[in-house]
$ cat query_36.txt   # compact mmCIF, C-alpha atoms and all ligand atoms
# COMPACT_ATOMS: atom_id res chain seq x y z
CA MET A 1 20.16 0.86 -12.72
CA ASP A 2 21.81 0.45 -16.14
CA ASP A 3 20.68 2.42 -19.19
CA ASN A 4 18.51 -0.33 -20.64
CA ARG A 5 16.70 -0.95 -17.35
CA ARG A 6 16.04 2.76 -17.00
CA MET A 7 14.67 2.86 -20.55
CA TRP A 8 12.41 -0.16 -19.90
CA ALA A 9 11.20 1.31 -16.60
CA ASP A 10 10.40 4.60 -18.37
CA LEU A 11 8.36 2.66 -20.92
CA GLY A 12 6.33 1.07 -18.11
CA ILE A 13 7.81 -2.42 -18.46
CA ASP A 14 7.33 -4.83 -15.54
CA LEU A 15 11.03 -5.29 -14.85
CA GLU A 16 10.70 -8.45 -12.81
CA ALA A 17 8.59 -10.26 -15.42
CA HIS A 18 10.87 -8.91 -18.14
CA ASP A 19 13.94 -10.30 -16.37
CA GLY A 20 12.28 -13.72 -16.49
CA LEU A 21 11.77 -13.40 -20.25
CA LEU A 22 15.34 -12.30 -20.89
CA GLU A 23 16.64 -15.29 -18.93
CA VAL A 24 14.84 -17.72 -21.22
CA LEU A 25 15.74 -16.29 -24.63
CA PRO A 26 19.59 -16.50 -24.73
CA PRO A 27 19.79 -20.24 -23.87
CA LEU A 28 17.03 -20.97 -26.38
CA PHE A 29 18.89 -19.01 -29.06
CA GLN A 30 22.14 -20.76 -28.18
CA ASP A 31 20.47 -24.13 -28.40
CA VAL A 32 18.61 -23.57 -31.67
CA TYR A 33 20.84 -21.13 -33.56
CA LEU A 34 24.37 -20.90 -32.29
CA SER A 35 24.72 -24.69 -32.16
CA GLN A 36 24.26 -24.92 -35.96
CA LYS A 37 27.36 -25.80 -37.99
CA GLY A 38 28.57 -24.05 -41.13
CA ARG A 39 26.64 -20.80 -40.68
CA PRO A 40 27.46 -17.85 -42.96
CA SER A 41 29.64 -15.33 -41.13
CA ARG A 42 27.22 -12.53 -42.15
CA MET A 43 24.57 -14.05 -39.90
CA ALA A 44 26.50 -12.35 -37.08
CA TYR A 45 24.53 -9.14 -37.72
CA PHE A 46 21.20 -10.93 -37.30
CA ASP A 47 22.42 -12.80 -34.21
CA ASN A 48 23.34 -9.45 -32.71
CA VAL A 49 19.98 -7.88 -33.59
CA PHE A 50 18.32 -10.75 -31.80
CA ALA A 51 20.70 -10.52 -28.83
CA GLU A 52 19.81 -6.82 -28.62
CA ILE A 53 16.11 -7.41 -29.25
CA HIS A 54 15.04 -5.26 -26.30
CA GLY A 55 18.14 -3.04 -26.26
CA LEU A 56 19.55 -1.26 -29.31
CA ARG A 57 16.47 -1.34 -31.54
CA VAL A 58 14.18 -0.17 -28.74
CA ARG A 59 16.58 2.69 -28.05
CA GLU A 60 16.26 3.67 -31.71
CA LEU A 61 12.49 3.77 -31.30
CA VAL A 62 12.78 5.86 -28.13
CA ASN A 63 15.15 8.31 -29.84
CA HIS A 64 12.90 8.49 -32.89
CA ARG A 65 9.95 9.47 -30.71
CA LYS A 66 12.05 12.02 -28.81
CA ALA A 67 12.85 13.60 -32.18
CA GLY A 68 9.12 13.92 -32.94
CA GLY A 69 8.56 10.69 -34.88
CA VAL A 70 5.95 8.04 -34.19
CA VAL A 71 6.08 4.26 -33.81
CA VAL A 72 3.27 2.11 -35.17
CA GLY A 73 2.73 -1.54 -34.27
CA THR A 74 1.25 -4.05 -36.73
CA PHE A 75 0.12 -7.67 -36.58
CA CYS A 76 -0.25 -8.64 -40.20
CA THR A 77 1.41 -8.41 -43.59
CA TYR A 78 -1.68 -6.59 -44.96
CA VAL A 79 -0.79 -3.35 -43.17
CA PRO A 80 1.09 -1.10 -45.64
CA GLU A 81 4.44 -0.26 -44.09
CA GLU A 82 4.96 2.39 -46.80
CA LEU A 83 2.25 4.62 -45.29
CA ILE A 84 3.82 4.47 -41.84
CA ILE A 85 7.28 5.34 -43.18
CA ALA A 86 5.91 8.15 -45.38
CA ALA A 87 4.23 9.63 -42.30
CA GLY A 88 7.61 9.77 -40.54
CA GLY A 89 6.92 6.64 -38.54
CA ILE A 90 8.66 3.37 -37.76
CA ALA A 91 6.66 0.18 -38.26
CA VAL A 92 7.21 -2.75 -35.92
CA GLY A 93 5.62 -6.19 -36.12
CA LEU A 94 4.14 -7.24 -32.78
CA CYS A 95 2.93 -10.81 -33.34
CA GLY A 96 3.90 -12.97 -30.37
CA GLY A 97 5.70 -16.28 -30.83
CA ALA A 98 5.84 -17.55 -27.25
CA GLU A 99 3.28 -18.38 -24.60
CA ILE A 100 3.20 -15.64 -22.01
CA ALA A 101 0.98 -14.75 -19.04
CA PRO A 102 -1.60 -17.49 -19.78
CA GLU A 103 -3.62 -16.75 -16.64
CA GLU A 104 -4.04 -13.08 -17.44
CA VAL A 105 -4.83 -13.90 -21.08
CA GLY A 106 -7.46 -16.34 -19.80
CA ARG A 107 -9.36 -13.42 -18.27
CA TYR A 108 -9.98 -12.06 -21.79
CA LEU A 109 -9.78 -15.00 -24.18
CA PRO A 110 -11.06 -18.57 -24.14
CA GLN A 111 -8.57 -21.41 -24.31
CA ASN A 112 -9.48 -22.35 -27.88
CA ILE A 113 -7.97 -19.31 -29.59
CA CYS A 114 -4.83 -19.59 -31.68
CA PRO A 115 -1.54 -19.26 -29.79
CA LEU A 116 -0.43 -16.31 -31.93
CA ILE A 117 -3.37 -14.21 -30.75
CA ARG A 118 -3.03 -15.41 -27.15
CA SER A 119 0.67 -14.60 -27.18
CA SER A 120 0.15 -11.18 -28.78
CA LEU A 121 -2.27 -10.28 -25.99
CA GLY A 122 -0.05 -11.87 -23.35
CA PHE A 123 2.92 -9.65 -24.19
CA LYS A 124 0.70 -6.60 -23.72
CA LEU A 125 -0.95 -7.73 -20.49
CA ALA A 126 2.32 -8.86 -18.91
CA LYS A 127 4.00 -5.54 -19.82
CA VAL A 128 7.14 -7.29 -21.03
CA CYS A 129 7.33 -5.96 -24.60
CA PRO A 130 9.09 -2.60 -25.03
CA TYR A 131 7.93 -2.55 -28.67
CA TYR A 132 4.27 -2.48 -27.62
CA GLU A 133 4.98 0.17 -25.04
CA SER A 134 6.83 2.31 -27.60
CA CYS A 135 3.86 2.39 -29.97
CA ASP A 136 1.81 5.53 -30.53
CA LEU A 137 -0.72 3.53 -32.52
CA LEU A 138 -1.48 -0.13 -33.19
CA VAL A 139 -2.94 -1.08 -36.57
CA GLY A 140 -5.11 -4.17 -36.72
CA GLU A 141 -7.06 -5.77 -39.57
CA THR A 142 -10.21 -7.84 -39.96
CA THR A 143 -8.50 -11.02 -41.11
CA CYS A 144 -9.65 -13.96 -38.96
CA ASP A 145 -12.41 -13.75 -36.34
CA GLY A 146 -10.06 -14.24 -33.40
CA LYS A 147 -7.96 -11.28 -34.46
CA LYS A 148 -10.98 -9.04 -35.00
CA LYS A 149 -12.15 -9.61 -31.45
CA PHE A 150 -8.58 -9.36 -30.11
CA PHE A 151 -8.33 -5.82 -31.50
CA GLU A 152 -11.46 -4.83 -29.57
CA ILE A 153 -9.73 -5.93 -26.37
CA LEU A 154 -6.49 -4.24 -27.35
CA GLY A 155 -8.40 -1.02 -28.10
CA GLU A 156 -9.25 -0.79 -24.40
CA LEU A 157 -5.56 -0.78 -23.55
CA GLN A 158 -3.90 1.28 -26.30
CA PRO A 159 -5.00 3.34 -29.35
CA VAL A 160 -5.91 0.96 -32.19
CA HIS A 161 -6.90 1.58 -35.81
CA VAL A 162 -8.50 -1.39 -37.57
CA MET A 163 -8.34 -1.79 -41.36
CA GLU A 164 -11.27 -3.65 -42.85
CA LEU A 165 -9.89 -6.35 -45.11
CA PRO A 166 -12.35 -7.77 -47.65
CA GLN A 167 -12.75 -11.54 -47.87
CA ARG A 168 -12.83 -11.63 -51.66
CA LYS A 169 -10.88 -9.84 -54.39
CA GLY A 170 -13.60 -8.64 -56.80
CA PRO A 171 -13.95 -5.02 -58.07
CA ARG A 172 -16.09 -3.90 -55.09
CA ASP A 173 -13.58 -5.44 -52.68
CA VAL A 174 -10.70 -3.67 -54.42
CA ASP A 175 -12.53 -0.32 -54.05
CA MET A 176 -13.28 -0.99 -50.41
CA TRP A 177 -9.67 -1.90 -49.67
CA ARG A 178 -8.41 1.19 -51.50
CA GLY A 179 -10.67 3.23 -49.18
CA GLU A 180 -9.15 1.50 -46.16
CA VAL A 181 -5.65 2.33 -47.37
CA GLY A 182 -6.69 5.99 -47.68
CA ASP A 183 -8.27 5.92 -44.20
CA LEU A 184 -5.08 4.59 -42.66
CA LEU A 185 -3.13 7.42 -44.28
CA THR A 186 -5.62 9.93 -42.82
CA ARG A 187 -5.31 8.36 -39.38
CA LEU A 188 -1.52 8.56 -39.57
CA GLU A 189 -1.69 12.19 -40.67
CA GLU A 190 -3.92 12.96 -37.70
CA LEU A 191 -1.47 11.20 -35.41
CA THR A 192 1.54 13.15 -36.65
CA GLY A 193 -0.27 16.40 -37.45
CA ARG A 194 1.41 16.45 -40.88
CA LYS A 195 0.18 15.84 -44.42
CA VAL A 196 2.00 13.09 -46.30
CA GLU A 197 3.46 14.55 -49.48
CA ARG A 198 3.96 12.76 -52.77
CA GLN A 199 7.77 12.66 -52.48
CA ALA A 200 7.61 11.15 -49.00
CA LEU A 201 5.34 8.34 -50.18
CA ALA A 202 7.44 7.71 -53.29
CA GLY A 203 10.53 7.47 -51.06
CA ALA A 204 8.80 5.07 -48.66
CA VAL A 205 7.69 2.84 -51.55
CA LYS A 206 11.33 2.62 -52.68
CA VAL A 207 12.57 1.83 -49.17
CA VAL A 208 10.16 -1.06 -48.67
CA ASN A 209 10.65 -2.38 -52.21
CA THR A 210 14.42 -2.35 -51.64
CA LYS A 211 13.93 -4.43 -48.50
CA ARG A 212 11.70 -6.85 -50.42
CA LYS A 213 14.21 -7.14 -53.25
CA ALA A 214 16.96 -8.05 -50.79
CA LEU A 215 14.74 -10.70 -49.19
CA LEU A 216 13.83 -12.00 -52.65
CA ARG A 217 17.52 -12.25 -53.51
CA LEU A 218 18.02 -14.35 -50.39
CA ALA A 219 15.01 -16.49 -51.29
CA GLU A 220 16.47 -17.06 -54.77
CA LEU A 221 19.77 -18.26 -53.26
CA ARG A 222 17.89 -20.88 -51.29
CA LYS A 223 17.28 -22.72 -54.56
CA SER A 224 20.88 -23.88 -54.43
CA ASP A 225 21.46 -27.57 -53.88
CA PRO A 226 23.36 -28.25 -51.63
CA PRO A 227 21.91 -25.46 -49.49
CA VAL A 228 24.09 -22.44 -48.71
CA ILE A 229 22.00 -21.36 -45.71
CA SER A 230 19.80 -23.26 -43.28
CA GLY A 231 16.05 -22.71 -43.19
CA LEU A 232 16.46 -21.68 -39.55
CA ASP A 233 18.82 -18.86 -40.47
CA ALA A 234 16.56 -17.70 -43.31
CA LEU A 235 13.62 -17.72 -40.88
CA LEU A 236 15.53 -15.53 -38.43
CA VAL A 237 16.28 -13.00 -41.19
CA ASN A 238 12.60 -12.94 -42.19
CA GLN A 239 11.46 -12.53 -38.58
CA ILE A 240 13.91 -9.68 -37.95
CA ALA A 241 12.69 -7.95 -41.14
CA PHE A 242 9.47 -7.15 -39.26
CA TYR A 243 11.14 -4.91 -36.71
CA ASP A 244 14.60 -3.84 -37.85
CA ASP A 245 15.29 -0.59 -39.70
CA PRO A 246 14.27 -1.43 -43.32
CA ARG A 247 17.17 0.44 -45.01
CA ARG A 248 19.81 -1.17 -42.80
CA LEU A 249 18.16 -4.56 -43.06
CA ALA A 250 18.30 -4.43 -46.87
CA VAL A 251 22.04 -3.63 -46.74
CA LYS A 252 22.69 -6.48 -44.30
CA VAL A 253 20.62 -9.00 -46.25
CA ASN A 254 22.50 -8.04 -49.43
CA GLU A 255 25.84 -8.51 -47.64
CA LEU A 256 24.65 -11.94 -46.53
CA CYS A 257 23.64 -12.71 -50.13
CA ASP A 258 27.10 -11.65 -51.40
CA GLU A 259 28.60 -14.24 -49.08
CA LEU A 260 26.07 -16.88 -50.13
CA GLU A 261 26.81 -16.26 -53.81
CA LYS A 262 30.47 -16.98 -53.11
CA ARG A 263 29.36 -20.17 -51.40
CA VAL A 264 27.39 -21.18 -54.48
CA ASP A 265 30.45 -20.54 -56.69
CA SER A 266 32.80 -22.48 -54.44
CA GLY A 267 30.38 -25.30 -53.66
CA LYS A 268 30.50 -24.59 -49.91
CA SER A 269 27.28 -25.64 -48.23
CA ALA A 270 25.63 -24.85 -44.91
CA GLY A 271 25.88 -27.47 -42.18
CA VAL A 272 22.44 -28.91 -42.92
CA SER A 273 21.48 -31.95 -44.96
CA ALA A 274 21.11 -31.37 -48.69
CA ARG A 275 18.10 -33.72 -48.89
CA PRO A 276 15.24 -34.05 -48.24
CA ARG A 277 14.36 -30.50 -49.21
CA VAL A 278 11.18 -29.28 -47.55
CA LEU A 279 8.70 -26.50 -48.23
CA VAL A 280 7.03 -25.30 -45.02
CA SER A 281 3.58 -23.86 -45.70
CA GLY A 282 0.88 -22.34 -43.51
CA CYS A 283 0.64 -20.17 -40.39
CA PRO A 284 3.35 -17.61 -39.60
CA MET A 285 6.06 -18.24 -37.02
CA ALA A 286 6.75 -15.13 -34.98
CA ILE A 287 9.94 -14.74 -32.91
CA PRO A 288 10.91 -16.89 -30.97
CA ASN A 289 8.87 -19.69 -32.52
CA TRP A 290 11.58 -21.83 -34.10
CA LYS A 291 10.17 -25.15 -32.92
CA LEU A 292 9.22 -26.78 -36.20
CA TYR A 293 12.27 -25.61 -38.15
CA GLY A 294 14.48 -26.91 -35.34
CA ILE A 295 12.75 -30.29 -35.51
CA ILE A 296 13.02 -30.51 -39.31
CA GLU A 297 16.66 -29.51 -39.54
CA THR A 298 17.79 -31.73 -36.67
CA SER A 299 15.99 -34.64 -38.34
CA GLY A 300 18.24 -34.66 -41.41
CA ALA A 301 16.44 -32.28 -43.79
CA VAL A 302 16.58 -28.65 -44.89
CA VAL A 303 13.77 -26.12 -45.09
CA ALA A 304 14.35 -24.89 -48.62
CA MET A 305 11.49 -22.38 -48.69
CA ASP A 306 8.71 -21.00 -46.50
CA GLU A 307 5.20 -20.32 -47.82
CA LEU A 308 4.42 -18.25 -44.77
CA CYS A 309 3.95 -14.62 -43.74
CA THR A 310 7.34 -15.03 -42.05
CA GLY A 311 8.51 -16.13 -45.48
CA ILE A 312 7.85 -15.33 -49.10
CA ARG A 313 4.28 -14.10 -48.58
CA TYR A 314 5.78 -11.04 -46.88
CA PHE A 315 8.01 -9.94 -49.74
CA ARG A 316 6.96 -11.73 -52.93
CA ASN A 317 5.13 -8.77 -54.52
CA LEU A 318 6.58 -5.30 -55.08
CA VAL A 319 4.64 -2.03 -55.20
CA ASP A 320 4.56 -0.54 -58.70
CA GLU A 321 6.89 2.51 -58.64
CA GLU A 322 5.54 4.00 -61.88
CA PRO A 323 2.71 6.23 -60.56
CA ASP A 324 3.95 9.70 -59.63
CA ASP A 325 0.86 11.24 -58.06
CA LEU A 326 -0.39 10.50 -54.56
CA ASP A 327 -3.62 8.83 -55.67
CA GLY A 328 -1.83 6.62 -58.15
CA MET A 329 0.68 5.57 -55.50
CA LEU A 330 -2.11 4.70 -53.07
CA ASP A 331 -3.79 2.64 -55.81
CA ALA A 332 -0.51 0.80 -56.40
CA ILE A 333 -0.06 0.14 -52.69
CA ALA A 334 -3.63 -1.15 -52.31
CA THR A 335 -3.19 -3.40 -55.36
CA ARG A 336 0.06 -4.86 -54.10
CA TYR A 337 -1.25 -5.69 -50.64
CA LEU A 338 -4.45 -7.25 -51.92
CA LYS A 339 -2.38 -9.74 -53.91
CA THR A 340 -1.32 -11.36 -50.63
CA ASP A 341 -2.73 -14.88 -50.59
CA CYS A 342 -3.65 -15.42 -46.93
CA ALA A 343 -6.05 -18.26 -46.16
CA VAL A 344 -8.60 -15.77 -44.81
CA PHE A 345 -9.65 -15.08 -48.45
CA THR A 346 -12.30 -16.99 -50.35
CA PRO A 347 -11.83 -18.36 -52.89
CA ASN A 348 -8.06 -18.55 -52.56
CA GLU A 349 -6.95 -20.61 -55.54
CA GLU A 350 -3.87 -18.46 -56.05
CA ARG A 351 -2.41 -19.77 -52.80
CA VAL A 352 -2.76 -23.35 -53.98
CA ARG A 353 -1.06 -22.37 -57.25
CA ASN A 354 1.67 -20.56 -55.34
CA VAL A 355 2.38 -23.58 -53.12
CA LEU A 356 2.67 -25.81 -56.19
CA GLY A 357 4.90 -23.27 -57.90
CA LEU A 358 7.24 -22.98 -54.92
CA ALA A 359 7.41 -26.75 -54.51
CA LYS A 360 8.54 -27.01 -58.14
CA ASP A 361 10.89 -23.99 -58.16
CA TYR A 362 12.63 -25.11 -54.97
CA ASP A 363 12.74 -28.75 -56.06
CA VAL A 364 11.34 -29.98 -52.75
CA ASP A 365 10.83 -33.60 -51.78
CA ALA A 366 7.91 -32.89 -49.42
CA VAL A 367 5.70 -30.15 -48.00
CA ILE A 368 5.17 -29.76 -44.28
CA TYR A 369 1.92 -27.93 -43.67
CA HIS A 370 2.00 -26.00 -40.41
CA THR A 371 -1.13 -24.82 -38.68
CA LEU A 372 -1.32 -23.25 -35.30
CA GLN A 373 -3.89 -24.84 -33.04
CA PHE A 374 -7.42 -23.42 -33.53
CA CYS A 375 -6.52 -21.61 -36.77
CA ASP A 376 -9.55 -22.36 -38.94
CA PRO A 377 -8.48 -20.59 -42.17
CA TYR A 378 -5.17 -22.42 -42.53
CA SER A 379 -6.32 -25.77 -41.18
CA VAL A 380 -9.34 -25.95 -43.51
CA GLU A 381 -7.36 -24.74 -46.52
CA GLY A 382 -4.80 -27.45 -45.78
CA PHE A 383 -7.10 -30.07 -47.31
CA LYS A 384 -7.21 -28.26 -50.66
CA VAL A 385 -3.45 -27.81 -50.65
CA GLU A 386 -2.95 -31.49 -49.83
CA ARG A 387 -5.22 -32.59 -52.67
CA ALA A 388 -3.36 -30.42 -55.17
CA LEU A 389 0.01 -31.72 -53.96
CA GLU A 390 -1.22 -35.29 -54.14
CA GLU A 391 -2.20 -34.75 -57.77
CA ALA A 392 1.29 -33.33 -58.38
CA GLY A 393 2.81 -36.44 -56.76
CA LEU A 394 4.27 -34.67 -53.73
CA PRO A 395 3.80 -35.89 -50.16
CA MET A 396 2.44 -33.45 -47.58
CA LEU A 397 2.56 -33.83 -43.81
CA TYR A 398 -0.08 -31.86 -41.93
CA LEU A 399 1.06 -30.74 -38.49
CA GLU A 400 -0.97 -28.78 -35.98
CA THR A 401 0.91 -27.40 -33.04
CA ASP A 402 1.17 -24.58 -30.51
CA TYR A 403 3.95 -22.73 -28.70
CA GLY A 404 4.51 -25.40 -26.05
CA THR A 405 7.25 -28.02 -26.11
CA GLY A 406 5.06 -30.92 -24.95
CA ASP A 407 4.55 -32.25 -28.49
CA VAL A 408 8.16 -32.00 -29.72
CA GLY A 409 8.81 -35.76 -29.43
CA GLN A 410 5.63 -36.63 -31.26
CA LEU A 411 6.26 -34.07 -34.03
CA LYS A 412 9.80 -35.32 -34.47
CA THR A 413 8.61 -38.91 -34.86
CA ARG A 414 6.14 -37.89 -37.59
CA VAL A 415 8.68 -35.69 -39.38
CA GLU A 416 11.32 -38.47 -39.31
CA ALA A 417 8.80 -40.96 -40.67
CA LEU A 418 8.09 -38.58 -43.57
CA PHE A 419 11.79 -38.21 -44.33
CA GLU A 420 12.35 -41.97 -44.22
CA MET A 421 9.56 -42.35 -46.72
CA VAL A 422 10.80 -39.68 -49.16
CA VAL A 423 14.42 -40.85 -49.20
CA ALA A 424 13.47 -44.55 -49.55
S1 LIG B 501 -1.37 -15.36 -42.01
FE1 LIG B 501 -2.93 -13.92 -42.81
S2 LIG B 501 -3.73 -12.91 -40.96
FE2 LIG B 501 -1.75 -13.86 -40.40
S3 LIG B 501 -0.19 -12.27 -40.72
FE3 LIG B 501 -0.35 -13.44 -42.60
S4 LIG B 501 -1.79 -12.30 -43.88
FE4 LIG B 501 -2.08 -11.60 -41.77
S1 LIG B 502 -2.67 -18.07 -37.21
FE1 LIG B 502 -4.77 -18.29 -37.99
S2 LIG B 502 -6.12 -17.99 -36.22
FE2 LIG B 502 -4.08 -17.21 -35.69
S3 LIG B 502 -4.14 -15.01 -36.17
FE3 LIG B 502 -3.33 -16.05 -37.99
S4 LIG B 502 -5.14 -16.51 -39.28
FE4 LIG B 502 -5.87 -15.99 -37.23
$ encode --input "query_36.txt" --output "structure tokens"
Amino acid sequence: MDDNRRMWADLGIDLEAHDGLLEVLPPLFQDVYLSQKGRPSRMAYFDNVFAEIHGLRVRELVNHRKAGGVVVGTFCTYVPEELIIAAGGIAVGLCGGAEIAPEEVGRYLPQNICPLIRSSLGFKLAKVCPYYESCDLLVGETTCDGKKKFFEILGELQPVHVMELPQRKGPRDVDMWRGEVGDLLTRLEELTGRKVERQALAGAVKVVNTKRKALLRLAELRKSDPPVISGLDALLVNQIAFYDDPRRLAVKVNELCDELEKRVDSGKSAGVSARPRVLVSGCPMAIPNWKLYGIIETSGAVVAMDELCTGIRYFRNLVDEEPDDLDGMLDAIATRYLKTDCAVFTPNEERVRNVLGLAKDYDVDAVIYHTLQFCDPYSVEGFKVERALEEAGLPMLYLETDYGTGDVGQLKTRVEALFEMVVA
């Protein structure tokens, strides 16, 4: 048995099912990613992180735990990574982006639940995710109804802490959320048996802000026309940011940006079409969900920006680094996270404004609105977004899809029709 297999077996992974998963991923990656032309050479780091998705990074988690650290799994951009890092933990995003173990999932969840939730449960039930099995604690949140109930199921299988997220952003909601941030810190302190000190939290705030600044720098470079990086490559970077070491990731994203800046100066573009430029907006796309980006960029367009949690929603806002006492830092963290404009909030006018702002800043020709099947918050909010875009004179294509490949032909036809219309 090689070292990785021994590690997976020790984590309780179902090796046979896991082998099946590892057989599917490399050809998919080859097909979607490695077949692209004109990729920046610095994408090699991210390709390797993906190739080693269940190898090197998992070994880092295992070694971290052996050294007395903890690993905490999350499913949403509302969970403050700073608290986990300050408590001596590693945060890993666990949202699933592929259909897995549908029959076992069907024993717990009805068919009409969004594929992200079904997949996230599937990876746990099938015992094929070494990240799940490395976690000392999972942190959920009361965002949409499906997720709330999913965390009850998950709580029967692994320790779960649920943060109560308000649905509005008024003064009472802010206070409640600040309490939830404090409760998570307490839970993490109980888990590790150590108090989080001021310096540790200040350091963690800097680490996560540095990661966000690097991702923002990359986002800024995507304004270039012709594009210096494909939307697919930017999506991969954003997806990897949820589970890679944040300090190393920031360094690697900055190295990629250095290369892209040279491309801007020399006029060298990525091997994707310069126009139409598209803003993708809506539900997140967890690894390995690259379906829609693949369709868009093989249909003669470029994804110039992503209004998604696997996009700018994850890193747009920084935590204020001014406060120097623990309470003030927790206030700043709570404030920053509550700015996130997920469709689960009501009212959510700031998201509509943000979509319009991104469409303008990235000079896009069209918006493709992505909702995962059975996602009420994003599908309903889509109508408001469409109305605002219509008033701004921008076309929007609403697409609802899942993790299957059965609708690829139909999606491609609709996307191509949109592009024909905008270039006419
Ligand atoms: S879309 Fe909303 S619920 Fe989903 S990860 Fe983002 S913030 Fe969380
Ligand atoms: S995609 Fe929609 S339904 Fe699915 S977890 Fe996110 S908010 Fe909930």
$ closest_residue --input "query_36.txt" --among "A:Gln30, A:Thr340, A:Ser120, A:Asn209" --to "ligand LIG 501 (chain B)" --atoms "all atoms listed in the file"
A:Thr340
$ closest_residue --input "query_36.txt" --among "A:Gly282, A:Asp363, A:Ala101, A:Val205" --to "Phe383 (chain A)" --atoms "only C-alpha atoms"
A:Gly282
$ closest_atom_pairs --input "query_36.txt" --of "chain A" --to "ligand LIG 502 (chain B)" --cutoff "8 Å" --atoms "all atoms listed in the file" --output "tab-separated table"
residue	atom	partner	partner_atom	distance
A:Ile113	CA	B:LIG502	S2	7.0
A:Cys114	CA	B:LIG502	FE2	4.7
A:Pro115	CA	B:LIG502	FE2	6.7
A:Leu116	CA	B:LIG502	FE2	5.3
A:Ile117	CA	B:LIG502	S3	5.5
A:Thr143	CA	B:LIG502	S4	6.7
A:Cys144	CA	B:LIG502	FE4	4.6
A:Asp145	CA	B:LIG502	FE4	7.0
A:Gly146	CA	B:LIG502	FE4	5.9
A:Lys147	CA	B:LIG502	S3	5.6
A:Cys283	CA	B:LIG502	S1	5.0
A:Pro284	CA	B:LIG502	S1	6.5
A:Cys342	CA	B:LIG502	S4	7.9
A:Ala343	CA	B:LIG502	S4	7.2
A:Val344	CA	B:LIG502	S4	6.6
A:Thr371	CA	B:LIG502	S1	7.1
A:Leu372	CA	B:LIG502	S1	5.7
A:Gln373	CA	B:LIG502	S2	7.9
A:Phe374	CA	B:LIG502	S2	6.2
A:Cys375	CA	B:LIG502	S2	3.7
A:Asp376	CA	B:LIG502	S2	6.2
A:Pro377	CA	B:LIG502	S4	6.0
A:Tyr378	CA	B:LIG502	FE1	6.2
$ closest_residue --input "query_36.txt" --among "A:Lys206, A:Arg313, A:Arg194, A:Lys66" --to "ligand LIG 501 (chain B)" --atoms "only C-alpha atoms and all ligand atoms"
A:Arg313
$ residues_near_point --input "query_36.txt" --point "(16.5, -34.3, -45.3)" --cutoff "10 Å" --atoms "all atoms listed in the file" --output "VMD selection string"
chain A and resid 272 to 278 296 to 303 365 to 366 415 to 416 418 to 420 422 to 423
$ closest_residue --input "query_36.txt" --among "A:Val128, A:Ile100, A:Val79, A:Met43" --to "Ala270 (chain A)" --atoms "all atoms listed in the file"
A:Met43
$ residues_around --input "query_36.txt" --residues "Phe75 (chain A)" --least-positions-apart "3" --cutoff "6 Å" --atoms "only C-alpha atoms" --output "ChimeraX atom specification"
/A:93-95
$ atom_distance --input "query_36.txt" --atom1 "CA of Glu322 (chain A)" --atom2 "CA of Thr210 (chain A)"
15.0 Å
$ axis_aligned_box --input "query_36.txt" --around "ligand LIG 501 (chain B)" --padding-each-side "8 Å" --output "lines of an AutoDock Vina configuration file"
center_x = -2.0
center_y = -13.5
center_z = -42.1
size_x = 19.5
size_y = 19.8
size_z = 19.5
$ closest_residue --input "query_36.txt" --among "A:Leu137, A:Ala304, A:Asp402, A:Ala98" --to "Gln111 (chain A)" --atoms "only C-alpha atoms"
A:Asp402
$ closest_residue --input "query_36.txt" --among "A:Leu330, A:Val139, A:Val49, A:Leu394" --to "ligand LIG 501 (chain B)" --atoms "all atoms listed in the file"
A:Val139
$ atom_distance --input "query_36.txt" --atom1 "CA of Leu15 (chain A)" --atom2 "CA of Pro27 (chain A)"
19.5 Å
$ atom_distance --input "query_36.txt" --atom1 "CA of Thr192 (chain A)" --atom2 "CA of Val70 (chain A)"
7.2 Å
$ residues_around --input "query_36.txt" --residues "Val251 (chain A)" --least-positions-apart "5" --cutoff "10 Å" --atoms "only C-alpha atoms" --output "number ranges by chain"
A: 210-211, 214, 246, 256-257
$ residues_around --input "query_36.txt" --residues "Arg168 (chain A)" --least-positions-apart "2" --cutoff "8 Å" --atoms "all atoms listed in the file" --output "list of chain:residue names"
A:Pro166, A:Gly170, A:Asp173, A:Phe345, A:Thr346, A:Pro347
